[in-house]
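Structure file coords00.csv (CSV, N, CA and C atoms and all ligand atoms) is printed below.
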```
chain,number,residue,atom,x,y,z
A,1,GLU,N,56.3,148.2,113.7
A,1,GLU,CA,56.6,149.3,112.8
A,1,GLU,C,56.3,150.6,113.6
A,2,SER,N,57.2,151.5,113.6
A,2,SER,CA,57.1,152.7,114.4
A,2,SER,C,56.7,153.9,113.6
A,3,CYS,N,55.7,153.6,112.7
A,3,CYS,CA,55.2,154.7,111.8
A,3,CYS,C,53.7,155.0,112.0
A,4,ILE,N,53.4,156.3,111.8
A,4,ILE,CA,52.0,156.7,111.9
A,4,ILE,C,51.7,157.5,110.7
A,5,THR,N,50.5,157.3,110.1
A,5,THR,CA,50.0,158.2,109.0
A,5,THR,C,49.0,159.1,109.6
A,6,ASP,N,49.3,160.4,109.6
A,6,ASP,CA,48.5,161.5,110.2
A,6,ASP,C,48.1,162.4,109.1
A,7,GLY,N,46.8,162.4,108.7
A,7,GLY,CA,46.4,163.2,107.6
A,7,GLY,C,47.0,162.6,106.3
A,8,THR,N,47.8,163.4,105.6
A,8,THR,CA,48.4,163.0,104.4
A,8,THR,C,49.9,162.7,104.6
A,9,SER,N,50.4,162.9,105.9
A,9,SER,CA,51.8,162.7,106.1
A,9,SER,C,52.1,161.5,106.9
A,10,ARG,N,53.2,160.8,106.6
A,10,ARG,CA,53.6,159.6,107.3
A,10,ARG,C,54.9,159.9,108.1
A,11,HIS,N,54.9,159.5,109.3
A,11,HIS,CA,56.0,159.7,110.2
A,11,HIS,C,56.5,158.4,110.8
A,12,CYS,N,57.8,158.1,110.7
A,12,CYS,CA,58.4,156.9,111.2
A,12,CYS,C,59.5,157.4,112.2
A,13,TYR,N,59.4,156.9,113.5
A,13,TYR,CA,60.2,157.4,114.5
A,13,TYR,C,61.3,156.4,114.9
A,14,GLU,N,62.4,156.9,115.3
A,14,GLU,CA,63.5,156.2,115.9
A,14,GLU,C,63.8,156.8,117.2
A,15,LEU,N,63.8,156.0,118.3
A,15,LEU,CA,64.1,156.5,119.6
A,15,LEU,C,65.5,156.0,120.1
A,16,PHE,N,66.3,156.9,120.6
A,16,PHE,CA,67.6,156.5,121.1
A,16,PHE,C,67.8,156.9,122.6
A,17,ASP,N,68.1,155.9,123.4
A,17,ASP,CA,68.4,156.1,124.8
A,17,ASP,C,69.9,156.4,124.9
A,18,THR,N,70.2,157.7,124.6
A,18,THR,CA,71.6,158.0,124.6
A,18,THR,C,71.8,159.3,125.4
A,19,GLU,N,72.9,159.9,125.4
A,19,GLU,CA,73.1,161.2,126.2
A,19,GLU,C,73.9,162.1,125.4
A,20,VAL,N,73.2,162.9,124.6
A,20,VAL,CA,73.9,163.9,123.7
A,20,VAL,C,73.2,165.2,123.7
A,21,THR,N,74.0,166.2,123.3
A,21,THR,CA,73.4,167.6,123.2
A,21,THR,C,72.4,167.7,122.1
A,22,TRP,N,71.6,168.8,122.1
A,22,TRP,CA,70.6,169.0,121.0
A,22,TRP,C,71.3,168.9,119.6
A,23,LYS,N,72.4,169.6,119.5
A,23,LYS,CA,73.0,169.7,118.1
A,23,LYS,C,73.5,168.3,117.7
A,24,LYS,N,74.1,167.5,118.6
A,24,LYS,CA,74.5,166.2,118.3
A,24,LYS,C,73.3,165.3,117.9
A,25,ALA,N,72.2,165.5,118.6
A,25,ALA,CA,71.0,164.7,118.3
A,25,ALA,C,70.5,165.1,116.9
A,26,SER,N,70.5,166.4,116.6
A,26,SER,CA,70.1,166.8,115.3
A,26,SER,C,71.0,166.1,114.2
A,27,ASP,N,72.3,166.1,114.4
A,27,ASP,CA,73.2,165.5,113.5
A,27,ASP,C,73.0,164.0,113.3
A,28,LEU,N,72.7,163.4,114.5
A,28,LEU,CA,72.4,161.9,114.5
A,28,LEU,C,71.2,161.6,113.6
A,29,CYS,N,70.1,162.4,113.7
A,29,CYS,CA,68.9,162.2,112.9
A,29,CYS,C,69.2,162.4,111.4
A,30,LYS,N,70.0,163.5,111.1
A,30,LYS,CA,70.4,163.8,109.7
A,30,LYS,C,71.2,162.6,109.1
A,31,HIS,N,72.1,162.1,109.9
A,31,HIS,CA,72.9,161.0,109.5
A,31,HIS,C,72.0,159.8,109.1
A,32,ASP,N,70.8,159.6,109.8
A,32,ASP,CA,69.9,158.6,109.5
A,32,ASP,C,68.9,159.0,108.4
A,33,GLY,N,69.1,160.1,107.8
A,33,GLY,CA,68.2,160.5,106.7
A,33,GLY,C,67.0,161.2,107.2
A,34,GLY,N,66.9,161.7,108.4
A,34,GLY,CA,65.7,162.3,108.9
A,34,GLY,C,66.0,163.6,109.6
A,35,THR,N,65.1,164.0,110.5
A,35,THR,CA,65.3,165.1,111.4
A,35,THR,C,64.8,164.8,112.8
A,36,LEU,N,65.1,165.6,113.7
A,36,LEU,CA,64.5,165.5,115.1
A,36,LEU,C,63.0,165.6,114.9
A,37,ALA,N,62.2,164.9,115.7
A,37,ALA,CA,60.8,164.9,115.5
A,37,ALA,C,60.2,166.2,115.7
A,38,ILE,N,59.3,166.6,114.8
A,38,ILE,CA,58.4,167.8,114.9
A,38,ILE,C,57.0,167.3,115.2
A,39,ILE,N,56.5,167.6,116.3
A,39,ILE,CA,55.2,167.0,116.7
A,39,ILE,C,54.1,168.0,116.5
A,40,GLU,N,53.2,167.7,115.5
A,40,GLU,CA,52.2,168.7,115.1
A,40,GLU,C,50.8,168.3,115.4
A,41,SER,N,50.6,167.2,116.1
A,41,SER,CA,49.2,166.8,116.5
A,41,SER,C,49.2,165.9,117.7
A,42,ILE,N,48.0,165.9,118.3
A,42,ILE,CA,47.9,165.0,119.5
A,42,ILE,C,48.0,163.5,119.0
A,43,GLU,N,47.7,163.2,117.8
A,43,GLU,CA,47.8,161.8,117.3
A,43,GLU,C,49.3,161.5,117.3
A,44,GLN,N,50.2,162.4,116.8
A,44,GLN,CA,51.6,162.1,116.8
A,44,GLN,C,52.2,162.0,118.2
A,45,GLN,N,51.7,162.9,119.1
A,45,GLN,CA,52.2,162.9,120.5
A,45,GLN,C,51.8,161.6,121.1
A,46,THR,N,50.6,161.2,121.0
A,46,THR,CA,50.1,159.9,121.6
A,46,THR,C,50.8,158.7,121.1
A,47,PHE,N,51.1,158.7,119.8
A,47,PHE,CA,51.8,157.6,119.2
A,47,PHE,C,53.2,157.5,119.8
A,48,ILE,N,53.9,158.7,119.9
A,48,ILE,CA,55.3,158.7,120.5
A,48,ILE,C,55.2,158.2,122.0
A,49,GLU,N,54.2,158.7,122.7
A,49,GLU,CA,54.1,158.3,124.1
A,49,GLU,C,53.9,156.7,124.2
A,50,ASP,N,53.1,156.2,123.3
A,50,ASP,CA,53.0,154.7,123.3
A,50,ASP,C,54.3,154.0,123.0
A,51,LEU,N,55.1,154.6,122.1
A,51,LEU,CA,56.4,154.0,121.8
A,51,LEU,C,57.3,154.0,123.0
A,52,ILE,N,57.2,155.1,123.7
A,52,ILE,CA,58.1,155.3,124.9
A,52,ILE,C,57.7,154.3,126.0
A,53,LYS,N,56.4,154.0,126.1
A,53,LYS,CA,55.9,153.1,127.2
A,53,LYS,C,56.3,151.7,126.9
A,54,LYS,N,56.7,151.3,125.7
A,54,LYS,CA,57.1,150.0,125.4
A,54,LYS,C,58.5,149.6,125.8
A,55,ARG,N,59.3,150.6,126.3
A,55,ARG,CA,60.6,150.3,126.7
A,55,ARG,C,61.0,151.3,127.9
A,56,THR,N,62.2,151.1,128.4
A,56,THR,CA,62.7,151.9,129.5
A,56,THR,C,63.8,152.8,129.0
A,57,PHE,N,64.0,154.0,129.7
A,57,PHE,CA,65.0,154.9,129.3
A,57,PHE,C,65.8,155.3,130.5
A,58,ASN,N,67.1,155.5,130.3
A,58,ASN,CA,67.9,156.1,131.4
A,58,ASN,C,67.8,157.6,131.3
A,59,SER,N,67.7,158.1,130.0
A,59,SER,CA,67.5,159.6,129.9
A,59,SER,C,66.2,160.1,130.4
A,60,SER,N,66.3,161.2,131.1
A,60,SER,CA,65.1,161.8,131.6
A,60,SER,C,64.3,162.5,130.5
A,61,GLY,N,65.0,162.9,129.4
A,61,GLY,CA,64.3,163.6,128.3
A,61,GLY,C,64.8,163.1,127.0
A,62,LEU,N,64.0,163.3,126.0
A,62,LEU,CA,64.4,163.0,124.6
A,62,LEU,C,64.3,164.2,123.8
A,63,TRP,N,65.3,164.6,123.0
A,63,TRP,CA,65.3,165.8,122.2
A,63,TRP,C,64.2,165.7,121.1
A,64,ILE,N,63.4,166.7,120.9
A,64,ILE,CA,62.6,166.9,119.7
A,64,ILE,C,63.1,168.2,119.0
A,65,GLY,N,62.4,168.4,117.8
A,65,GLY,CA,63.0,169.4,116.9
A,65,GLY,C,62.9,170.8,117.1
A,66,SER,N,63.1,171.4,118.3
A,66,SER,CA,63.1,172.8,118.4
A,66,SER,C,64.3,173.3,119.2
A,67,ASP,N,65.1,174.2,118.6
A,67,ASP,CA,66.1,174.9,119.3
A,67,ASP,C,65.9,176.4,119.2
A,68,LYS,N,64.6,176.7,119.0
A,68,LYS,CA,64.2,178.1,118.7
A,68,LYS,C,63.2,178.7,119.7
A,69,LEU,N,63.5,178.7,120.9
A,69,LEU,CA,62.7,179.3,121.9
A,69,LEU,C,63.4,180.6,122.3
A,70,HIS,N,62.8,181.7,121.9
A,70,HIS,CA,63.5,183.0,122.3
A,70,HIS,C,62.4,184.0,122.7
A,71,PRO,N,62.7,184.8,123.8
A,71,PRO,CA,61.8,185.8,124.2
A,71,PRO,C,61.3,186.8,123.1
A,72,GLU,N,62.3,187.2,122.3
A,72,GLU,CA,61.9,188.2,121.3
A,72,GLU,C,61.4,187.6,120.0
A,73,GLU,N,62.2,186.6,119.6
A,73,GLU,CA,61.9,186.0,118.3
A,73,GLU,C,60.7,185.0,118.3
A,74,GLY,N,60.3,184.6,119.5
A,74,GLY,CA,59.2,183.7,119.7
A,74,GLY,C,59.6,182.2,119.6
A,75,ARG,N,58.7,181.4,119.4
A,75,ARG,CA,58.9,180.0,119.5
A,75,ARG,C,58.7,179.3,118.1
A,76,ALA,N,59.5,178.4,117.7
A,76,ALA,CA,59.4,177.8,116.5
A,76,ALA,C,60.1,176.4,116.5
A,77,TRP,N,59.7,175.6,115.5
A,77,TRP,CA,60.4,174.4,115.3
A,77,TRP,C,61.7,174.7,114.5
A,78,ALA,N,62.7,173.8,114.5
A,78,ALA,CA,63.9,174.1,113.8
A,78,ALA,C,63.8,174.4,112.3
A,79,ASN,N,62.7,173.9,111.7
A,79,ASN,CA,62.4,174.2,110.3
A,79,ASN,C,61.7,175.6,110.1
A,80,GLY,N,61.5,176.3,111.2
A,80,GLY,CA,60.9,177.6,111.1
A,80,GLY,C,59.4,177.7,111.3
A,81,GLU,N,58.8,176.5,111.2
A,81,GLU,CA,57.3,176.4,111.4
A,81,GLU,C,57.0,176.8,112.9
A,82,ARG,N,55.8,177.5,113.0
A,82,ARG,CA,55.4,177.8,114.4
A,82,ARG,C,54.8,176.6,115.0
A,83,PHE,N,54.6,176.6,116.3
A,83,PHE,CA,54.0,175.4,116.9
A,83,PHE,C,52.5,175.4,116.6
A,84,SER,N,52.0,174.3,116.1
A,84,SER,CA,50.6,174.1,115.8
A,84,SER,C,49.9,173.3,116.9
A,85,TYR,N,50.7,172.6,117.6
A,85,TYR,CA,50.3,171.8,118.8
A,85,TYR,C,51.4,171.8,119.8
A,86,VAL,N,51.0,171.9,121.1
A,86,VAL,CA,52.0,171.9,122.2
A,86,VAL,C,51.6,170.9,123.3
A,87,ASN,N,52.5,170.4,124.0
A,87,ASN,CA,52.2,169.5,125.1
A,87,ASN,C,53.2,169.9,126.3
A,88,TRP,N,53.3,171.2,126.6
A,88,TRP,CA,54.1,171.7,127.6
A,88,TRP,C,53.7,171.1,129.0
A,89,ALA,N,54.7,170.8,129.8
A,89,ALA,CA,54.4,170.4,131.2
A,89,ALA,C,53.9,171.6,131.9
A,90,PRO,N,53.1,171.5,133.0
A,90,PRO,CA,52.6,172.6,133.7
A,90,PRO,C,53.8,173.5,134.1
A,91,GLY,N,53.6,174.8,133.9
A,91,GLY,CA,54.7,175.8,134.2
A,91,GLY,C,55.8,176.0,133.2
A,92,GLU,N,55.8,175.2,132.2
A,92,GLU,CA,56.8,175.3,131.1
A,92,GLU,C,56.1,175.9,129.8
A,93,PRO,N,56.9,176.5,129.0
A,93,PRO,CA,58.3,176.8,129.1
A,93,PRO,C,58.6,177.9,130.1
A,94,ASN,N,59.6,177.8,131.0
A,94,ASN,CA,59.8,178.7,132.1
A,94,ASN,C,61.0,179.6,131.9
A,95,SER,N,61.8,179.3,130.9
A,95,SER,CA,63.1,180.1,130.8
A,95,SER,C,63.6,180.2,129.3
A,96,MET,N,62.8,180.9,128.5
A,96,MET,CA,63.2,181.0,127.1
A,96,MET,C,64.5,181.8,126.9
A,97,ILE,N,64.9,182.5,128.0
A,97,ILE,CA,66.2,183.2,127.9
A,97,ILE,C,67.4,182.2,127.9
A,98,ASN,N,67.4,181.3,128.8
A,98,ASN,CA,68.5,180.3,129.0
A,98,ASN,C,68.2,178.9,128.3
A,99,GLU,N,66.9,178.6,128.3
A,99,GLU,CA,66.5,177.3,127.8
A,99,GLU,C,65.8,177.3,126.5
A,100,ASN,N,66.6,177.1,125.4
A,100,ASN,CA,66.2,177.4,124.1
A,100,ASN,C,65.8,176.1,123.3
A,101,CYS,N,66.0,175.0,123.9
A,101,CYS,CA,65.7,173.7,123.2
A,101,CYS,C,64.6,173.0,124.0
A,102,VAL,N,63.9,172.1,123.3
A,102,VAL,CA,62.8,171.4,123.8
A,102,VAL,C,63.0,169.9,124.0
A,103,GLU,N,62.8,169.4,125.2
A,103,GLU,CA,62.9,167.9,125.4
A,103,GLU,C,61.5,167.4,125.7
A,104,LEU,N,61.3,166.1,125.4
A,104,LEU,CA,60.0,165.4,125.7
A,104,LEU,C,60.4,164.5,126.9
A,105,ARG,N,59.7,164.6,128.0
A,105,ARG,CA,60.1,163.9,129.2
A,105,ARG,C,59.7,162.4,129.1
A,106,THR,N,60.6,161.5,129.4
A,106,THR,CA,60.4,160.1,129.2
A,106,THR,C,59.4,159.5,130.3
A,107,ASN,N,59.2,160.2,131.4
A,107,ASN,CA,58.3,159.7,132.4
A,107,ASN,C,56.8,159.9,132.0
A,108,ASN,N,56.5,161.0,131.3
A,108,ASN,CA,55.1,161.3,131.0
A,108,ASN,C,54.8,161.9,129.6
A,109,GLY,N,55.8,162.1,128.9
A,109,GLY,CA,55.6,162.7,127.5
A,109,GLY,C,55.4,164.2,127.4
A,110,THR,N,55.4,164.9,128.6
A,110,THR,CA,55.3,166.3,128.5
A,110,THR,C,56.6,167.0,128.0
A,111,TRP,N,56.4,168.2,127.5
A,111,TRP,CA,57.5,169.0,127.0
A,111,TRP,C,58.1,170.0,128.0
A,112,ASN,N,59.4,170.2,127.9
A,112,ASN,CA,60.1,171.1,128.8
A,112,ASN,C,61.1,171.9,128.0
A,113,ASP,N,61.2,173.2,128.2
A,113,ASP,CA,62.3,173.9,127.6
A,113,ASP,C,63.5,173.7,128.5
A,114,VAL,N,64.7,173.5,127.9
A,114,VAL,CA,65.9,173.1,128.7
A,114,VAL,C,67.1,173.6,127.9
A,115,VAL,N,68.2,173.7,128.6
A,115,VAL,CA,69.5,174.2,128.0
A,115,VAL,C,69.9,173.2,126.9
A,116,CYS,N,70.3,173.7,125.7
A,116,CYS,CA,70.6,172.9,124.6
A,116,CYS,C,71.8,172.0,124.8
A,117,ARG,N,72.6,172.4,125.7
A,117,ARG,CA,73.8,171.5,126.0
A,117,ARG,C,73.5,170.4,127.0
A,118,LYS,N,72.3,170.2,127.4
A,118,LYS,CA,72.0,169.1,128.3
A,118,LYS,C,72.2,167.8,127.5
A,119,ASN,N,72.5,166.7,128.2
A,119,ASN,CA,72.6,165.4,127.5
A,119,ASN,C,71.3,164.7,127.7
A,120,ASN,N,70.7,164.3,126.5
A,120,ASN,CA,69.4,163.6,126.4
A,120,ASN,C,69.4,162.5,125.4
A,121,GLY,N,68.4,161.7,125.4
A,121,GLY,CA,68.1,160.8,124.3
A,121,GLY,C,67.5,161.5,123.2
A,122,VAL,N,67.0,160.8,122.1
A,122,VAL,CA,66.7,161.4,120.9
A,122,VAL,C,65.5,160.8,120.3
A,123,ILE,N,64.6,161.6,119.7
A,123,ILE,CA,63.5,161.1,118.8
A,123,ILE,C,63.7,161.6,117.4
A,124,CYS,N,64.1,160.7,116.5
A,124,CYS,CA,64.2,161.1,115.1
A,124,CYS,C,62.9,160.8,114.3
A,125,ASP,N,62.6,161.5,113.3
A,125,ASP,CA,61.5,161.2,112.3
A,125,ASP,C,62.3,160.9,111.0
A,126,VAL,N,62.3,159.7,110.7
A,126,VAL,CA,63.2,159.3,109.5
A,126,VAL,C,62.4,158.9,108.3
A,201,LIG,C1,64.8,171.7,135.8
A,201,LIG,O1,67.0,171.5,137.9
A,201,LIG,P1,66.0,172.7,137.9
A,201,LIG,O2,64.9,172.4,138.8
A,201,LIG,O3,66.7,174.0,138.1
A,201,LIG,C2,64.9,171.8,134.3
A,201,LIG,C3,64.1,173.0,133.9
A,201,LIG,C4,62.6,172.8,134.3
A,201,LIG,C5,62.6,172.6,135.9
A,201,LIG,C6,61.2,172.3,136.3
A,201,LIG,C7,68.4,171.2,133.3
A,201,LIG,O4,65.4,172.8,136.4
A,201,LIG,O5,64.1,173.1,132.5
A,201,LIG,O6,61.9,173.9,133.9
A,201,LIG,O7,63.4,171.5,136.3
A,201,LIG,N1,66.3,172.0,133.9
A,201,LIG,C8,67.0,170.9,133.6
A,201,LIG,O8,61.1,172.3,137.6
A,201,LIG,O9,66.6,169.7,133.6
A,202,CA,CA,62.2,174.5,131.6
```

When written as C-alpha cells, how does the structure in this file appear?
Ligand code: GN1
Ligand code: CA
Amino acid sequence: ESCITDGTSRHCYELFDTEVTWKKASDLCKHDGGTLAIIESIEQQTFIEDLIKKRTFNSSGLWIGSDKLHPEEGRAWANGERFSYVNWAPGEPNSMINENCVELRTNNGTWNDVVCRKNNGVICDV
C-alpha cells in the first residue's frame, strides 16, 4: 500500500515512469482523481523516497505539484499554499525566471526547479 497517514491527513501516491510535461502530468493525476503530490513534511518526503527506492526509473525527475516559482510572486504549490517544507538540492532553486516547475530527482529525492516543458515522470496523490 503506497499510503501514509501524516497527522490527520492520508496520502496515497502513484508513481509513473513516463516522459510528460508538467501540465500533462497534472492532467494525468486529475484523470486518476487526484493531484500532483504536494509534499508538506519530512515524513511525506521520506515515504516518497522509500517508494522510489523500491523500483527503477528512466526519468531523471518526477513532477510534483508546483508550477508557481516566480521571482516577483514568490513560490507556491499549485493550490496556492506556500511551501511549509522544502527539500531543494544544493544550489536550487537557481532560475525562477525560466524554471517555474518543480521536479523531485529520482536519484536522491532532492527538488529542482526546471522548465515546465521538460519531460518527466509523475508523482500523483490520489
Ligand atoms: C540542469 O542542464 P543544465 O546544467 O543547464 C537543470 C537545472 C539545474 C541544473 C543543476 C533542464 O541544468 O534545473 O538547476 O542542471 N535543467 C534541466 O546543475 O534539467
Ligand atoms: Ca534548477

Which residues are close to segment 8-10 of chain A, i.e. within 8 Å by all atoms listed in the file, leaving aside same-chain residues fewer than 4 positions away? Reply as a PyMOL selection string. chain A and resi 3-4+125-126

May I have the residues from that selection written out with N, CA and C atoms, as a PDB file, keeping the file's coordinate frame?
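Listed below is the output, selection14.pdb:
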```
ATOM      1  N   CYS A   3      55.700 153.600 112.700  1.00  0.00           N
ATOM      2  CA  CYS A   3      55.200 154.700 111.800  1.00  0.00           C
ATOM      3  C   CYS A   3      53.700 155.000 112.000  1.00  0.00           C
ATOM      4  N   ILE A   4      53.400 156.300 111.800  1.00  0.00           N
ATOM      5  CA  ILE A   4      52.000 156.700 111.900  1.00  0.00           C
ATOM      6  C   ILE A   4      51.700 157.500 110.700  1.00  0.00           C
ATOM      7  N   ASP A 125      62.600 161.500 113.300  1.00  0.00           N
ATOM      8  CA  ASP A 125      61.500 161.200 112.300  1.00  0.00           C
ATOM      9  C   ASP A 125      62.300 160.900 111.000  1.00  0.00           C
ATOM     10  N   VAL A 126      62.300 159.700 110.700  1.00  0.00           N
ATOM     11  CA  VAL A 126      63.200 159.300 109.500  1.00  0.00           C
ATOM     12  C   VAL A 126      62.400 158.900 108.300  1.00  0.00           C
TER      13      VAL A 126
END
```

Could you state the separation of atom C2 of ligand LIG 201 (chain A) and atom CA of Cys101 of chain A in Å, given to one decimal place?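 So the two atoms, atom C2 of ligand LIG 201 (chain A) and atom CA of Cys101 of chain A, lie 11.3 Å apart.
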
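Distance check against ligand CA 202 (chain A) using all atoms listed in the file: of A:Phe83, A:Trp111, A:Phe47, A:Trp22, the minimum falls on A:Trp111.
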
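Residues in contact with ligand CA 202 (chain A) (atom pairs separated by at most 8 Å; only C-alpha atoms and all ligand atoms) are A:Glu92, A:Pro93, A:Asn94, A:Ser95, A:Met96, A:Glu99, A:Asn112, A:Asp113, A:Val114.
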
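The nearest approach to Thr106 of chain A among the residues A:Leu69, A:Cys12, A:Leu36, A:Ile52, with only C-alpha atoms taken into account, belongs to A:Ile52.
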
When distances are computed from all atoms listed in the file, which of A:Val86, A:Cys116, A:Ile42, A:Cys29 shows the smallest separation from Asn98 of chain A? A:Cys116
